[in-house]
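Structure data (mmCIF, C-alpha atoms and all ligand atoms) from model38.cif:
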```
data_data
loop_
_atom_site.label_atom_id
_atom_site.label_comp_id
_atom_site.auth_asym_id
_atom_site.auth_seq_id
_atom_site.Cartn_x
_atom_site.Cartn_y
_atom_site.Cartn_z
CA MET A 72 8.44 23.23 1.23
CA LEU A 73 7.05 26.25 -0.51
CA LYS A 74 7.46 29.56 1.16
CA ALA A 75 4.19 30.53 2.77
CA ILE A 76 2.16 32.86 0.62
CA ALA A 77 -0.43 34.73 2.62
CA CYS A 78 -3.20 34.91 0.04
CA PHE A 79 -5.91 34.88 2.55
CA PHE A 80 -9.40 35.96 1.68
CA PHE A 81 -12.91 35.46 2.89
CA LEU A 82 -15.45 33.63 0.83
CA PRO A 83 -19.01 33.46 2.06
CA VAL A 84 -20.42 30.20 0.73
CA LEU A 85 -23.82 28.54 0.76
CA ALA A 86 -25.66 30.48 3.40
CA ALA A 87 -28.21 27.82 4.21
CA HIS A 88 -29.16 29.36 7.54
CA ALA A 89 -30.45 32.89 7.69
CA HIS A 90 -27.70 34.03 10.07
CA ALA A 91 -24.99 31.47 9.57
CA GLU A 92 -22.54 31.78 6.71
CA GLN A 93 -19.39 29.88 6.10
CA ILE A 94 -16.23 31.95 5.99
CA ARG A 95 -13.08 30.60 4.40
CA GLY A 96 -9.40 31.52 4.48
CA ASN A 97 -6.94 30.05 1.96
CA TRP A 98 -3.15 30.01 2.10
CA GLU A 99 -0.13 28.08 0.87
CA VAL A 100 2.10 26.57 3.53
CA MET A 101 4.02 23.31 4.13
CA GLY A 102 4.40 22.97 0.37
CA THR A 103 0.66 22.61 -0.12
CA TYR A 104 -2.65 24.42 0.21
CA PHE A 105 -4.25 25.21 3.54
CA SER A 106 -7.87 26.19 3.98
CA VAL A 107 -10.00 26.90 7.02
CA THR A 108 -13.78 27.01 6.72
CA LEU A 109 -15.51 28.54 9.69
CA LEU A 110 -19.15 28.76 10.58
CA ASP A 111 -19.68 32.47 10.89
CA THR A 112 -21.02 33.13 14.34
CA ALA A 113 -18.71 35.98 15.31
CA PRO A 114 -18.41 39.59 14.13
CA SER A 115 -16.21 39.70 11.01
CA ARG A 116 -13.21 41.21 12.87
CA ALA A 117 -13.19 38.22 15.19
CA ASN A 118 -13.40 35.83 12.24
CA ASP A 119 -10.46 37.59 10.69
CA GLU A 120 -8.47 37.13 13.88
CA ILE A 121 -9.51 33.48 14.29
CA LEU A 122 -8.54 32.55 10.72
CA GLY A 123 -5.25 34.42 11.02
CA ALA A 124 -4.42 32.58 14.27
CA ALA A 125 -5.09 29.18 12.63
CA PHE A 126 -2.77 30.01 9.73
CA SER A 127 -0.13 31.38 12.06
CA VAL A 128 0.20 28.17 14.07
CA VAL A 129 0.65 26.11 10.88
CA ASP A 130 3.17 28.59 9.48
CA ILE A 131 5.24 28.42 12.68
CA LEU A 132 5.21 24.59 12.56
CA ASP A 133 6.33 24.67 8.92
CA ARG A 134 9.29 26.91 9.79
CA GLN A 135 10.16 24.58 12.64
CA MET A 136 9.63 21.12 11.14
CA SER A 137 10.36 21.42 7.43
CA ASN A 138 13.35 19.54 6.09
CA TYR A 139 13.23 21.73 3.01
CA ARG A 140 14.30 24.74 5.10
CA PRO A 141 17.98 24.64 6.11
CA ASP A 142 17.22 26.97 9.04
CA SER A 143 14.35 24.92 10.54
CA GLU A 144 14.77 23.37 13.96
CA LEU A 145 14.41 19.92 12.34
CA SER A 146 17.26 20.66 9.94
CA ARG A 147 19.43 21.72 12.88
CA VAL A 148 18.67 18.41 14.59
CA ASN A 149 19.52 16.53 11.37
CA ASP A 150 22.78 18.46 10.99
CA PHE A 151 23.68 17.44 14.56
CA ALA A 152 23.41 13.69 13.84
CA GLY A 153 26.30 11.74 15.29
CA ARG A 154 27.30 14.57 17.64
CA GLY A 155 25.21 13.75 20.72
CA GLN A 156 22.09 15.22 22.26
CA ILE A 157 20.39 18.41 21.17
CA GLN A 158 17.57 20.08 23.06
CA VAL A 159 14.37 20.81 21.11
CA GLN A 160 11.17 22.76 21.63
CA ALA A 161 8.28 21.00 23.33
CA ASN A 162 6.15 20.54 20.21
CA LEU A 163 8.99 19.01 18.16
CA TYR A 164 9.70 16.68 21.08
CA GLU A 165 6.01 15.78 21.24
CA ILE A 166 5.72 14.95 17.54
CA LEU A 167 8.87 12.80 17.70
CA LEU A 168 7.64 10.93 20.75
CA THR A 169 4.27 10.37 19.06
CA SER A 170 6.05 9.22 15.91
CA GLU A 171 8.00 6.66 17.91
CA LEU A 172 4.69 5.27 19.21
CA PHE A 173 3.44 4.92 15.65
CA ARG A 174 6.68 3.24 14.58
CA ALA A 175 6.14 0.66 17.30
CA SER A 176 2.41 0.19 16.65
CA SER A 177 2.92 -0.18 12.90
CA ALA A 178 5.69 -2.77 13.34
CA GLY A 179 8.21 -0.38 11.78
CA ALA A 180 6.19 0.55 8.66
CA PHE A 181 5.95 4.17 9.74
CA ASP A 182 9.34 5.57 10.68
CA VAL A 183 10.45 9.20 10.79
CA THR A 184 14.11 8.16 10.66
CA ILE A 185 13.47 7.43 6.96
CA GLY A 186 15.18 10.63 5.70
CA ALA A 187 18.31 8.97 4.25
CA LEU A 188 16.11 6.65 2.16
CA VAL A 189 13.87 9.45 0.89
CA ASP A 190 17.08 11.24 -0.06
CA ALA A 191 18.60 8.15 -1.72
CA TRP A 192 15.50 7.80 -3.91
CA GLY A 193 15.82 11.46 -4.93
CA PHE A 194 12.54 12.68 -3.50
CA TYR A 195 14.08 15.77 -1.88
CA SER A 196 15.39 16.94 -5.21
CA PRO A 197 13.29 18.99 -7.62
CA ARG A 198 14.80 16.89 -10.43
CA THR A 199 13.13 13.66 -11.54
CA ALA A 200 13.92 10.86 -9.13
CA SER A 201 15.26 7.50 -10.32
CA ILE A 202 16.16 4.05 -8.97
CA PRO A 203 19.36 4.49 -6.93
CA GLU A 204 22.61 2.73 -7.87
CA GLY A 205 23.50 -0.63 -6.33
CA GLY A 206 24.70 -0.19 -2.75
CA VAL A 207 23.01 3.19 -2.18
CA ILE A 208 19.77 1.71 -0.80
CA ALA A 209 21.64 -0.70 1.48
CA ARG A 210 23.80 2.13 2.85
CA ALA A 211 20.78 4.38 3.44
CA LEU A 212 18.94 1.53 5.16
CA GLU A 213 21.68 1.38 7.80
CA SER A 214 20.67 4.89 8.92
CA VAL A 215 16.97 4.01 9.28
CA GLY A 216 15.01 2.17 11.95
CA GLU A 217 14.68 1.36 15.61
CA GLY A 218 17.46 2.72 17.80
CA ARG A 219 18.59 5.43 15.38
CA LEU A 220 16.64 8.10 17.29
CA LYS A 221 16.91 8.51 21.03
CA LEU A 222 14.59 10.79 23.02
CA ARG A 223 15.31 11.85 26.58
CA ALA A 224 12.38 13.46 28.37
CA ALA A 225 14.28 15.08 31.28
CA LYS A 226 16.00 17.72 29.16
CA ARG A 227 13.82 17.22 26.08
CA THR A 228 16.73 16.15 23.95
CA VAL A 229 16.99 14.31 20.65
CA GLU A 230 19.98 12.23 19.65
CA LEU A 231 20.47 10.87 16.14
CA LYS A 232 23.05 8.31 15.20
CA SER A 233 25.50 9.42 12.54
CA GLY A 234 23.92 9.50 9.07
CA THR A 235 20.34 9.40 10.37
CA ARG A 236 18.00 12.05 9.07
CA LEU A 237 14.50 12.77 10.32
CA ASP A 238 11.61 13.36 7.91
CA LEU A 239 8.24 14.43 9.34
CA GLY A 240 6.50 14.52 5.94
CA ALA A 241 4.12 11.73 6.88
CA VAL A 242 2.89 13.23 10.16
CA ALA A 243 3.55 17.00 10.29
CA LYS A 244 0.46 17.91 8.28
CA GLY A 245 -1.73 15.95 10.67
CA TYR A 246 -0.05 17.48 13.70
CA ALA A 247 -0.51 20.96 12.20
CA VAL A 248 -4.22 20.31 11.54
CA ASP A 249 -4.70 19.26 15.18
CA ARG A 250 -2.96 22.41 16.38
CA ALA A 251 -5.04 24.59 14.07
CA ILE A 252 -8.25 22.93 15.32
CA ALA A 253 -7.11 23.53 18.92
CA VAL A 254 -6.55 27.23 18.16
CA LEU A 255 -10.01 27.47 16.59
CA ARG A 256 -11.60 25.83 19.63
CA GLU A 257 -9.72 28.12 22.05
CA ARG A 258 -11.07 31.10 20.18
CA GLY A 259 -14.63 29.84 20.45
CA ALA A 260 -15.22 28.40 16.98
CA ALA A 261 -17.99 25.82 17.31
CA ALA A 262 -17.86 24.46 13.79
CA ALA A 263 -14.94 24.44 11.39
CA MET A 264 -13.13 22.40 8.77
CA VAL A 265 -9.37 22.58 8.36
CA ASP A 266 -7.78 21.13 5.21
CA LEU A 267 -4.01 21.00 4.89
CA GLY A 268 -3.15 19.38 1.57
CA GLY A 269 -5.90 16.79 1.93
CA THR A 270 -5.38 16.04 5.63
CA VAL A 271 -8.66 17.26 7.06
CA GLY A 272 -9.89 17.91 10.60
CA VAL A 273 -13.41 19.00 11.55
CA ILE A 274 -15.40 20.20 14.54
CA GLY A 275 -19.16 20.78 14.71
CA SER A 276 -21.49 20.82 11.72
CA LYS A 277 -21.78 22.91 8.59
CA ALA A 278 -24.02 25.98 8.33
CA ASP A 279 -26.90 23.82 7.11
CA GLY A 280 -26.59 21.57 10.17
CA GLU A 281 -25.20 18.64 8.17
CA PRO A 282 -21.89 16.95 8.97
CA TRP A 283 -18.93 18.02 6.85
CA SER A 284 -18.58 16.09 3.62
CA ILE A 285 -15.02 15.17 2.62
CA GLY A 286 -14.22 13.79 -0.82
CA ILE A 287 -11.82 10.87 -1.35
CA ARG A 288 -9.73 11.29 -4.47
CA HIS A 289 -9.94 8.59 -7.13
CA PRO A 290 -6.57 6.81 -6.92
CA ALA A 291 -6.42 6.10 -10.65
CA GLY A 292 -8.17 9.02 -12.24
CA ASN A 293 -9.46 12.51 -11.85
CA GLY A 294 -12.24 13.40 -9.50
CA LEU A 295 -13.53 11.57 -6.47
CA ILE A 296 -13.99 7.88 -5.77
CA GLY A 297 -16.29 8.55 -2.84
CA LYS A 298 -16.85 10.65 0.24
CA ILE A 299 -17.32 10.48 3.97
CA ARG A 300 -19.43 12.60 6.30
CA ILE A 301 -18.13 13.41 9.77
CA ALA A 302 -18.84 16.02 12.44
CA ARG A 303 -15.66 15.43 14.46
CA GLY A 304 -12.28 13.86 14.01
CA ALA A 305 -10.03 13.78 11.00
CA VAL A 306 -9.28 12.06 7.72
CA SER A 307 -6.06 11.55 5.79
CA THR A 308 -5.11 9.73 2.59
CA SER A 309 -1.76 8.35 1.49
CA GLY A 310 -1.64 7.57 -2.21
CA ASN A 311 0.77 6.50 -4.92
CA TYR A 312 -0.31 9.44 -7.09
CA GLU A 313 1.02 12.24 -4.86
CA ARG A 314 4.70 12.06 -5.86
CA PHE A 315 6.23 9.34 -7.99
CA PHE A 316 8.39 8.60 -11.00
CA ILE A 317 8.04 5.95 -13.69
CA GLN A 318 11.02 3.83 -14.71
CA ASP A 319 10.98 0.75 -16.93
CA GLY A 320 7.19 1.02 -16.99
CA LYS A 321 6.91 0.77 -13.20
CA ARG A 322 5.72 3.43 -10.80
CA PHE A 323 7.90 4.30 -7.80
CA SER A 324 6.11 6.43 -5.21
CA HIS A 325 7.45 8.60 -2.38
CA LEU A 326 6.08 6.15 0.19
CA ILE A 327 8.95 3.89 1.12
CA ASP A 328 9.06 0.74 3.20
CA PRO A 329 11.67 1.48 5.91
CA ARG A 330 12.26 -2.25 6.31
CA THR A 331 13.22 -2.97 2.69
CA GLY A 332 14.32 0.47 1.47
CA TRP A 333 12.04 0.25 -1.57
CA PRO A 334 8.96 2.28 -2.54
CA VAL A 335 5.80 0.36 -1.75
CA ALA A 336 4.00 -1.26 -4.68
CA GLY A 337 0.71 -3.15 -4.87
CA VAL A 338 -1.63 -0.60 -3.27
CA MET A 339 -3.12 2.59 -4.70
CA SER A 340 -4.27 4.55 -1.67
CA VAL A 341 -5.38 4.22 1.94
CA THR A 342 -7.76 6.67 3.62
CA VAL A 343 -7.94 6.68 7.40
CA VAL A 344 -10.57 8.32 9.62
CA ALA A 345 -9.37 8.81 13.21
CA PRO A 346 -10.11 10.90 16.31
CA SER A 347 -7.11 13.14 15.59
CA ALA A 348 -5.41 14.30 12.39
CA THR A 349 -1.99 13.26 13.72
CA THR A 350 -3.29 9.70 14.07
CA ALA A 351 -5.05 9.75 10.68
CA ASP A 352 -1.92 11.07 8.92
CA ALA A 353 0.56 8.68 10.54
CA LEU A 354 -1.72 5.66 10.20
CA SER A 355 -2.58 6.35 6.54
CA THR A 356 1.14 6.23 5.76
CA ALA A 357 1.71 3.19 8.00
CA ALA A 358 -1.25 1.32 6.52
CA TYR A 359 -0.21 2.15 2.97
CA VAL A 360 3.23 0.67 3.64
CA ARG A 361 1.86 -2.50 5.24
CA ALA A 362 -1.13 -2.95 2.91
CA PRO A 363 0.44 -5.09 0.13
CA GLN A 364 1.63 -7.70 2.64
CA ASP A 365 -0.66 -7.40 5.65
CA GLY A 366 -3.77 -5.62 4.37
CA ILE A 367 -5.33 -3.01 6.64
CA ALA A 368 -7.35 -5.18 9.05
CA TRP A 369 -4.79 -4.46 11.78
CA LEU A 370 -6.07 -0.86 11.85
CA GLY A 371 -9.32 -2.19 13.35
CA ALA A 372 -7.42 -2.53 16.63
CA CYS A 373 -6.80 1.22 16.82
CA ASP A 374 -9.38 3.05 18.91
CA GLY A 375 -11.88 5.02 16.83
CA VAL A 376 -10.11 4.27 13.54
CA LYS A 377 -11.90 3.33 10.29
CA ALA A 378 -10.14 2.94 6.99
CA ILE A 379 -10.47 2.02 3.36
CA ALA A 380 -7.75 0.77 1.02
CA PHE A 381 -7.79 0.59 -2.78
CA TYR A 382 -5.69 -2.03 -4.55
CA PRO A 383 -5.13 -2.63 -8.25
CA ALA A 384 -7.05 -5.70 -9.47
CA ASP A 385 -7.32 -7.60 -12.74
CA ASP A 386 -9.05 -6.02 -15.74
CA ASP A 387 -8.40 -2.49 -14.47
CA GLN A 388 -10.70 -3.08 -11.56
CA ILE A 389 -10.08 -1.81 -8.07
CA ARG A 390 -10.16 -4.04 -5.01
CA VAL A 391 -11.48 -2.42 -1.85
CA GLU A 392 -10.73 -3.37 1.73
CA PHE A 393 -12.32 -1.86 4.86
CA ALA A 394 -11.08 -1.78 8.45
CA GLY A 395 -12.85 -0.78 11.66
CA ALA A 396 -16.43 -1.32 12.78
CA GLY A 397 -18.91 0.53 10.58
CA ALA A 398 -16.35 1.44 7.93
CA GLU A 399 -18.42 0.11 5.02
CA ALA A 400 -21.27 2.45 5.91
CA LEU A 401 -19.01 5.44 6.53
CA PHE A 402 -17.22 5.36 3.18
CA GLU A 403 -19.79 6.20 0.53
CA LEU A 404 -18.35 4.99 -2.76
CA SER A 405 -19.56 6.30 -6.07
CA ASP A 406 -20.13 3.56 -8.69
CA ALA A 407 -19.81 0.91 -6.00
CA ASP A 408 -20.49 -1.76 -8.64
CA CYS A 409 -17.07 -1.16 -10.19
CA PHE A 410 -15.25 -2.47 -7.15
CA VAL A 411 -14.24 -5.94 -6.10
CA LYS A 412 -14.60 -6.32 -2.35
CA THR A 413 -12.45 -8.96 -0.74
CA GLU A 414 -10.89 -9.73 2.57
CA SER A 415 -7.11 -9.77 2.58
CA ALA A 416 -5.82 -13.30 2.30
CA GLY A 417 -5.03 -14.78 5.67
CA MET A 418 -6.21 -11.74 7.59
CA PRO A 419 -8.95 -11.69 10.19
CA SER A 420 -12.24 -10.04 9.29
CA SER A 421 -11.63 -6.43 8.39
CA SER A 422 -14.58 -5.20 10.43
CA GLY A 423 -13.48 -4.39 13.94
CA ALA A 424 -10.70 -6.95 13.89
CA LYS A 425 -8.50 -6.96 16.95
CA VAL A 426 -5.00 -8.09 16.14
CA THR A 427 -1.69 -7.59 17.81
CA MET A 428 0.56 -5.08 16.14
CA GLY A 429 4.14 -5.67 17.05
CA SER A 430 4.20 -5.79 20.83
CA ARG A 431 1.14 -3.58 21.26
CA THR A 432 -2.57 -4.14 20.91
CA THR A 433 -3.67 -0.58 20.44
CA CYS A 434 -2.27 2.36 18.56
CA ALA A 435 -4.30 5.30 19.79
CA VAL A 436 -1.99 7.99 21.02
CA GLY A 437 -2.12 8.39 24.76
CA SER A 438 -3.32 4.87 25.42
CA VAL A 439 0.02 3.16 24.96
CA SER A 440 3.07 3.60 27.08
CA PRO A 441 5.83 5.56 25.39
CA PRO A 442 8.74 3.67 23.88
CA ALA A 443 11.98 3.44 25.80
CA THR A 444 13.23 6.92 26.62
CA ASP A 445 15.78 7.82 29.22
CA GLN A 446 14.75 10.29 31.85
P1 LIG A 501 1.54 13.05 1.62
O1 LIG A 501 2.59 13.90 2.30
O2 LIG A 501 1.77 12.85 0.16
O3 LIG A 501 0.16 13.47 1.97
P2 LIG A 501 2.12 10.99 3.56
O4 LIG A 501 1.47 11.61 4.72
O5 LIG A 501 1.91 9.52 3.43
O6 LIG A 501 1.68 11.58 2.18
O7 LIG A 501 3.69 11.30 3.70
C1 LIG A 501 4.62 11.00 2.69
C2 LIG A 501 5.99 11.52 3.06
O8 LIG A 501 6.44 10.91 4.26
C3 LIG A 501 7.04 11.22 2.03
O9 LIG A 501 7.15 12.28 1.10
C4 LIG A 501 8.31 11.07 2.86
O10 LIG A 501 8.86 12.35 3.11
C5 LIG A 501 7.80 10.49 4.15
N1 LIG A 501 7.78 9.02 4.18
C6 LIG A 501 7.85 8.14 3.14
N2 LIG A 501 7.74 6.87 3.56
C7 LIG A 501 7.60 6.93 4.93
C8 LIG A 501 7.46 5.95 5.96
N3 LIG A 501 7.43 4.65 5.68
N4 LIG A 501 7.36 6.39 7.24
C9 LIG A 501 7.39 7.70 7.54
N5 LIG A 501 7.54 8.66 6.63
C10 LIG A 501 7.62 8.30 5.32
MG MG A 502 0.77 10.53 6.42
#
```

Represent the structure from my file as structure tokens, please.
Amino acid sequence: MLKAIACFFFLPVLAAHAHAEQIRGNWEVMGTYFSVTLLDTAPSRANDEILGAAFSVVDILDRQMSNYRPDSELSRVNDFAGRGQIQVQANLYEILLTSELFRASSAGAFDVTIGALVDAWGFYSPRTASIPEGGVIARALESVGEGRLKLRAAKRTVELKSGTRLDLGAVAKGYAVDRAIAVLRERGAAAAMVDLGGTVGVIGSKADGEPWSIGIRHPAGNGLIGKIRIARGAVSTSGNYERFFIQDGKRFSHLIDPRTGWPVAGVMSVTVVAPSATTADALSTAAYVRAPQDGIAWLGACDGVKAIAFYPADDDQIRVEFAGAGAEALFELSDADCFVKTESAGMPSSSGAKVTMGSRTTCAVGSVSPPATDQ
């Protein structure tokens, strides 16, 4: 990930209330942009301190959880694979435990043991990635999946089987947004929006009293395909346009199915709204991976989750699928006429559908029992 560049400045925007301005700090961290917009209710020194504290927590997490930094705690854990247990800090343990819950609730579509596959497909390299040679995918697949990562709560240890490599790219941004929001709350911020590379968390309302408006990027073009308005919770998108390469006229994206070893095809993007950014981030990746086969109706079983998926359709059209009660009203699409709306074949109704995911019927963090961990 990019080295953090502290280019942090304040930008008063749209003062709709006489005494309430929005203050913004911008940085680069975790290989992407990070911005915090704060409703200005404190003296400017306090705002300065609050914004700095939000950046600081994300910067610390980047140094700890990046697999682009050889000295990060995550890299040390990866280097220790095959050599037994290694003790980790509480927050790394927490994100791994949470990730294991999402692996289970997504029937293996989301899996942080995916590192060897991401590596095999060349996505860690700055050079253009390409389809791996013959047996490379099969060999990498052996290092991925259930049982490759063992967590023991008593001493907070992580054990990786030989060859297994953790990658938190699909959940660390969400976790960092939640931590930044928590820091803002602790310091008394009543209304704020945190945006870490498109994973967004909000609290309160904007200066003009309206909910925060968050744009959804058009999966096949420039600009936005729609927007949502929320006053709490988080939103995250996983799309095939973020990182990909084209070979033989086909697009191969950085989102890989841990069960087949191949980049997922047949979906353009999935946007998930959830009570926490960790949930939104993990579930947008999970839903993207499952979408071509299963659709996204299964997300309707996750507490407080609403989602939209965009699929390629005939004649350059885009097929749209919703999940979760009230999702159709929440996602405000521009040019709605251009879309084909269908239910996924064979799936239950996408509005508020309750389906069993793997062995669990809910995927909200905290409401499922943790996966097998030794004490
Ligand atoms: P982005 O980081 O582009 O916003 P995601 O949150 O979906 O998108 O995360 C994508 C990253 O997660 C990939 O770059 C890779 O490092 C990792 N990854 C890819 N496929 C999976 C998967 N099936 N489960 C967990 N992590 C994945
Ligand atoms: Mg994600």

By how many Å are atom O4 of ligand LIG 501 (chain A) and atom CA of Thr308 of chain A apart? 7.2 Å

How many Å separate atom O6 of ligand LIG 501 (chain A) from atom CA of Val159 of chain A?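 It comes out at 24.6 Å.
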
Using only C-alpha atoms, the residue out of A:Leu220, A:Ala362, A:Val338, A:Ala241 with shortest distance to Glu171 of chain A is A:Leu220

Distance query segment 164-169 of chain A at most 9 Å, all atoms listed in the file, self and fewer than 4 positions along chain excluded, as a list in words: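 Contacts, with the query itself left out: Gln158, Val159, Gln160, Phe173, Arg174, Val183, Leu222, Ala224, Arg227, Thr228, Val229, Leu239, Val242, Ala243, Tyr246, Thr349, Val436, Gly437, Pro441 and Pro442 of chain A.
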
Minimum-distance residue to Trp98 of chain A, chosen among A:Ala261, A:Asp266, A:Thr235, A:Glu120 (using only C-alpha atoms): A:Asp266

Counting only C-alpha atoms, note down every residue that has an atom within 9 Å of the point (-7.5, 23.1, 4.7) (file coordinates), as a PDB file with C-alpha atoms, in the coordinates of the input.
```pdb
ATOM      1  CA  GLY A  96      -9.400  31.520   4.480  1.00  0.00           C
ATOM      2  CA  ASN A  97      -6.940  30.050   1.960  1.00  0.00           C
ATOM      3  CA  TRP A  98      -3.150  30.010   2.100  1.00  0.00           C
ATOM      4  CA  TYR A 104      -2.650  24.420   0.210  1.00  0.00           C
ATOM      5  CA  PHE A 105      -4.250  25.210   3.540  1.00  0.00           C
ATOM      6  CA  SER A 106      -7.870  26.190   3.980  1.00  0.00           C
ATOM      7  CA  VAL A 107     -10.000  26.900   7.020  1.00  0.00           C
ATOM      8  CA  THR A 108     -13.780  27.010   6.720  1.00  0.00           C
ATOM      9  CA  VAL A 248      -4.220  20.310  11.540  1.00  0.00           C
ATOM     10  CA  MET A 264     -13.130  22.400   8.770  1.00  0.00           C
ATOM     11  CA  VAL A 265      -9.370  22.580   8.360  1.00  0.00           C
ATOM     12  CA  ASP A 266      -7.780  21.130   5.210  1.00  0.00           C
ATOM     13  CA  LEU A 267      -4.010  21.000   4.890  1.00  0.00           C
ATOM     14  CA  GLY A 268      -3.150  19.380   1.570  1.00  0.00           C
ATOM     15  CA  GLY A 269      -5.900  16.790   1.930  1.00  0.00           C
ATOM     16  CA  THR A 270      -5.380  16.040   5.630  1.00  0.00           C
ATOM     17  CA  VAL A 271      -8.660  17.260   7.060  1.00  0.00           C
ATOM     18  CA  GLY A 272      -9.890  17.910  10.600  1.00  0.00           C
TER      19      GLY A 272
END
```

Mind completing segment 167-181 of chain A with N, CA and C atoms? Output as a compact mmCIF listing (two decimals), keeping the file's coordinate frame, please?
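selection32.txt written:
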```txt
# COMPACT_ATOMS: atom_id res chain seq x y z
N LEU A 167 7.91 13.91 17.83
CA LEU A 167 8.87 12.80 17.70
C LEU A 167 8.49 11.64 18.62
N LEU A 168 8.06 11.97 19.82
CA LEU A 168 7.64 10.93 20.75
C LEU A 168 6.41 10.19 20.19
N THR A 169 5.45 10.96 19.67
CA THR A 169 4.27 10.37 19.06
C THR A 169 4.67 9.49 17.87
N SER A 170 5.61 9.97 17.08
CA SER A 170 6.05 9.22 15.91
C SER A 170 6.69 7.90 16.31
N GLU A 171 7.40 7.91 17.43
CA GLU A 171 8.00 6.66 17.91
C GLU A 171 6.92 5.66 18.31
N LEU A 172 5.81 6.17 18.87
CA LEU A 172 4.69 5.27 19.21
C LEU A 172 4.12 4.65 17.93
N PHE A 173 3.99 5.46 16.90
CA PHE A 173 3.44 4.92 15.65
C PHE A 173 4.42 3.97 14.98
N ARG A 174 5.72 4.20 15.13
CA ARG A 174 6.68 3.24 14.58
C ARG A 174 6.46 1.88 15.23
N ALA A 175 6.33 1.92 16.58
CA ALA A 175 6.14 0.66 17.30
C ALA A 175 4.81 0.01 16.92
N SER A 176 3.72 0.80 16.88
CA SER A 176 2.41 0.19 16.65
C SER A 176 2.21 -0.24 15.21
N SER A 177 3.05 0.25 14.30
CA SER A 177 2.92 -0.18 12.90
C SER A 177 3.97 -1.22 12.54
N ALA A 178 4.64 -1.76 13.55
CA ALA A 178 5.69 -2.77 13.34
C ALA A 178 6.76 -2.24 12.39
N GLY A 179 7.09 -0.95 12.54
CA GLY A 179 8.21 -0.38 11.78
C GLY A 179 7.86 0.13 10.39
N ALA A 180 6.57 0.08 10.01
CA ALA A 180 6.19 0.55 8.66
C ALA A 180 6.23 2.07 8.57
N PHE A 181 5.87 2.71 9.67
CA PHE A 181 5.95 4.17 9.74
C PHE A 181 7.20 4.51 10.54
```
